[in-house]
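Below: one structure, written as structure tokens.
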Amino acid sequence: MENQSMFDYYRQMLKRIAWRLQYQANKVYRHESVLEDVWTKEHKGLVVSDLFVKELLSSLPDRGRFILQKVVIEGIPEREVAKQLNISQKRVNVCKTKYLQQLRQKLISD
């Protein structure tokens with residue numbers, strides 16, 4: 001009888017271990033698949049947006065692209081960009097406004 005109870009005890013322990021392993025595997029699988037679906041959708045949108053922005057910026061002259069990249073996208077103050085280009089802050093502001101207007105026109109016409 002003692003052998004039978006020992007056998008039942010270990011059988012139950014193995015069932016618990018198997019259940020826990022299966023539960024953990026399913027939990028990880030569900031979590032990863034949900035994250036993968038969300039990440040993929042957002043990532044695709046970001047890639048398309050990034051490519052679209054790069055395409056628009058590539059249509060601008062080098063100086064305009066540099067100014068918009070630094071001031072608008074990276075958030076560097078106009079004063080610092082003006083120092084880098086050896087022009088006045090007012091000129092950076094005028095160029096920024098001019099090139100943003102050009103981008104708006106391209107967006108409207110497309």
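Naming works like this for the structure tokens: A, B, ... for the chains as they're shown, residue 1 at the start of each chain, ligands 1 onward in shown order.
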Give me the residues within 8 Å of Leu68 of chain A as a PyMOL selection string, counting only C-alpha atoms and dropping any in the same chain fewer than 3 places off. chain A and resi 64-65+71-73+96+99-100
Point-to-point distance from atom CA of Gln22 of chain A to atom CA of Asn3 of chain A, Å rounded to tenths: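 Between atom CA of Gln22 of chain A and atom CA of Asn3 of chain A the gap is 28.3 Å.
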Out of A:Ile17, A:Gln69, A:Pro77, A:Gln102, which residue has the shortest atom-to-atom distance to Val53 of chain A when counting only C-alpha atoms? A:Gln69
Exercise: Lys106 of chain A partners within 12 Å, only C-alpha atoms, chain neighbours under 2 positions left out, as number ranges by chain: A: 52-53, 55-57, 59-60, 99-104, 108-110
Nearest to Val94 of chain A by atom-to-atom distance, counting only C-alpha atoms, from A:Leu107, A:Ser5, A:Ile67, A:Met13: A:Ile67
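Going from atom CA of Lys90 of chain A over to atom CA of Lys54 of chain A, you cover 25.5 Å.
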Enumerate, as JSON, numbers by chain, the complete set of residues in segment 60-92 of chain A that a backbone-based DSSP assignment places in helix (DSSP H, G or I). {"A": [62, 63, 64, 65, 66, 67, 68, 69, 70, 71, 72, 73, 78, 79, 80, 81, 82, 83, 84, 85, 89, 90, 91, 92]}
Please, could you write that set of residues out with C-alpha atoms as an mmCIF file, in the first residue's frame?
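Produced file result_38.cif, reproduced below:
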```cif
data_model
loop_
_atom_site.group_PDB
_atom_site.id
_atom_site.type_symbol
_atom_site.label_atom_id
_atom_site.label_comp_id
_atom_site.auth_asym_id
_atom_site.auth_seq_id
_atom_site.Cartn_x
_atom_site.Cartn_y
_atom_site.Cartn_z
ATOM 1 C CA ASP A 62 20.176 71.113 -48.347
ATOM 2 C CA ARG A 63 19.935 74.179 -46.124
ATOM 3 C CA GLY A 64 16.159 73.868 -45.807
ATOM 4 C CA ARG A 65 16.421 70.173 -45.011
ATOM 5 C CA PHE A 66 19.089 70.884 -42.380
ATOM 6 C CA ILE A 67 17.057 73.657 -40.736
ATOM 7 C CA LEU A 68 13.834 71.633 -40.592
ATOM 8 C CA GLN A 69 15.667 68.525 -39.391
ATOM 9 C CA LYS A 70 17.349 70.390 -36.545
ATOM 10 C CA VAL A 71 14.632 72.833 -35.490
ATOM 11 C CA VAL A 72 11.392 70.970 -36.149
ATOM 12 C CA ILE A 73 12.321 67.301 -35.845
ATOM 13 C CA GLU A 78 16.820 78.329 -33.701
ATOM 14 C CA ARG A 79 19.637 80.239 -32.002
ATOM 15 C CA GLU A 80 21.910 77.166 -31.973
ATOM 16 C CA VAL A 81 21.100 76.282 -35.584
ATOM 17 C CA ALA A 82 21.874 79.879 -36.563
ATOM 18 C CA LYS A 83 25.303 79.576 -34.920
ATOM 19 C CA GLN A 84 25.986 76.328 -36.781
ATOM 20 C CA LEU A 85 25.100 77.932 -40.126
ATOM 21 C CA GLN A 89 18.286 83.570 -35.805
ATOM 22 C CA LYS A 90 15.757 85.633 -37.748
ATOM 23 C CA ARG A 91 17.033 84.114 -41.020
ATOM 24 C CA VAL A 92 16.642 80.598 -39.577
#
```
